[in-house]
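Below is one structure, written out as structure tokens; comments come after it.
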Amino acid sequence: MSTRRLRSEDYNDYSSTDVTPEGSPPAAINGFAHPESYQRFGETNGTTWYQTLIHLLKGNIGTGLLGLPLAVKNAGILLGPVSLVVMGVVAVHCMSILVKCAHHFCHRFQKQFLDYGGAVVYGLEATPVSWLRTHAAWGRRVVALFLIVTQLGFCCVYFVFLADNLRQVVAAANGTSNDCSPNRTVVMTPTMDSRLYMLSLLPFVVLLTFIQNLKVLSIFSMLANVAMFVSLVVIYQYIVRDIPDPRDLPLAAAWKTYPLFFGTAIFAFEGIGVVLPLENKMKNPQQFPAILYVGMAIVTTLYISLGVLGYLRFGADIQASITLNLPNCWLYQAVKLLFSFGIFFTYAVQFYVPAEIIIPPLVARGPERWGWLINLLLRLALVSITCVLAVLIPRLDIVISLVGSISSSALALIFSLLLEIATYYAEGMHPLLIAKDLLISLFGFVGFVVGTYEALVELIAPAAAVVNTT
């Protein structure tokens, strides 16, 4: 889903220490003696509101966006966009709750800032249940585990996306011309299976992930964002033309396909991991709530517009990625290659997060002189795992739905709401607030179970034949 994801390792995490970024004790900040006098200070060289808004958009817009037209098909032309609006509102609500809980513990313990895992640890320590307090440290580990699954899931999606688009471009290469008429028939040239394309891409992706400098990766991230923005503009100008009569499209699809919609939609909306690092990096963090609402309103509008317009334009023929529905002429072949270029370089940025969680502790256990070799071998192993998983599940729509149902629902809908209950229950919470949090968490859990089940069933026994892109 996201083209650039920030986390606590992108900056010095002082939430678990007794010093501020300036090196002074927290109590010395303006002489704070009580939590009531605490206020959130930004970084002197922090990001502006505009830069934060751009990062928020980048953290929420990615490959999940291209799968939303198929998601709308799985929900229905009316139920789909309505559900996207509801999920957008719920996602923003969960993000704001996470920020509120983190601020609560910053006030309470005089911390400069907290990450997601740190907030969960303090939340468990605040509960009246002794077992949860004793095992509070597991909160950070569980969040890290789901973050790893989410990020490596994104990497699997990238392998499938790259293989599908490159395969289609190569298959249509001999018949590609300047004629972009949708009625033009192009004879596809037989080409190798998409799984062989994934294996062919593996060495290049491995070499890319050997780049460990964030400054260098940021250059690739910028190029990727420019490439994907240009591609989206061209895609929009194509799908808004010649939209057929939508009256034949179902208002609501069969209930068995709705869980697939849920997985894809929550995959697209899973940007909750970006909110605390972004807020912590701001020069004026008091502006963040407004930025969050404005940014997510833009994201939701983009999701609904592309999802609805894409489904209206291609109807029942919509594929797992809308790029696969574009005509096989030079202009749109270039769009597929341009978006693939952006996704290829985005892989390294997404891979950085799980690599920084998994690799350093393992390297520290080995001989220091072999640290660099162990580092590279672990990177090779992790990238190979994502490639193997993509080869085993070569359907882009199923991979997106699985990742969304398994990990994104937990991070976005379950943990944040339970964190609010853990944070404020001992201090007194209105029963309606508790009921609201439990209801949304239950919705997320049901989506987690049913979405995962239906995705696995569709993978094992597809309800309909997969459209052959060659």
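Labels used: A, B, ... for chains in the order of the structure tokens, numbers from 1 for residues in each chain, and numbers from 1 for ligands as shown.
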
| request: May I have all residues of range 242-445 of chain A that DSSP, computed from the backbone, assigns to helix (DSSP H, G or I), given as an MDAnalysis selection string? | output: chainID A and resid 246:248 255:269 272:280 285:317 322:325 330:364 368:392 396:424 431:445

Taking a cut-off of 8 Å and counting only C-alpha atoms, can you build a table that, for each residue of range 392-443 of chain A near range 263-286 of chain A, reports the nearest atom pair and how far apart they are in Å (one decimal), sorted by chain then residue number, as a Markdown table?
```
| residue | atom | partner | partner_atom | distance |
| --- | --- | --- | --- | --- |
| A:Asp397 | CA | A:Thr264 | CA | 7.6 |
| A:Ile400 | CA | A:Thr264 | CA | 5.7 |
| A:Ser401 | CA | A:Gly263 | CA | 4.0 |
| A:Leu402 | CA | A:Gly263 | CA | 6.4 |
| A:Val403 | CA | A:Phe267 | CA | 6.8 |
| A:Gly404 | CA | A:Phe267 | CA | 4.0 |
| A:Ser405 | CA | A:Gly263 | CA | 4.6 |
| A:Ser408 | CA | A:Glu270 | CA | 5.5 |
| A:Ser409 | CA | A:Ile266 | CA | 6.3 |
| A:Leu411 | CA | A:Ile272 | CA | 7.1 |
| A:Ala412 | CA | A:Ile272 | CA | 5.8 |
```

| request: Return the single residue from A:Leu53, A:Ala173, A:Leu382, A:Leu65 that is closest to Ala348 in chain A, with distances computed using only C-alpha atoms. | output: A:Leu382

| request: Quick one: everything within 6 Å of range 136-145 of chain A, counting only C-alpha atoms, minus sequence neighbours fewer than 5 positions away in the same chain. Send it as a PyMOL selection string. | output: chain A and resi 117+120-121+124-125

| Can you tell me, as a list in words, what residues are no more than 12 Å from Ala381 in chain A when counting only C-alpha atoms, ignoring any on the same chain fewer than 5 positions away? |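 Counting only the stated atoms, we get Leu202, Pro203, Val205, Val206, Thr209, Phe210, Ala355, Ile358, Ile359, Ile374, Asn375, Leu376, Thr386, Cys387 and Val388 of chain A.
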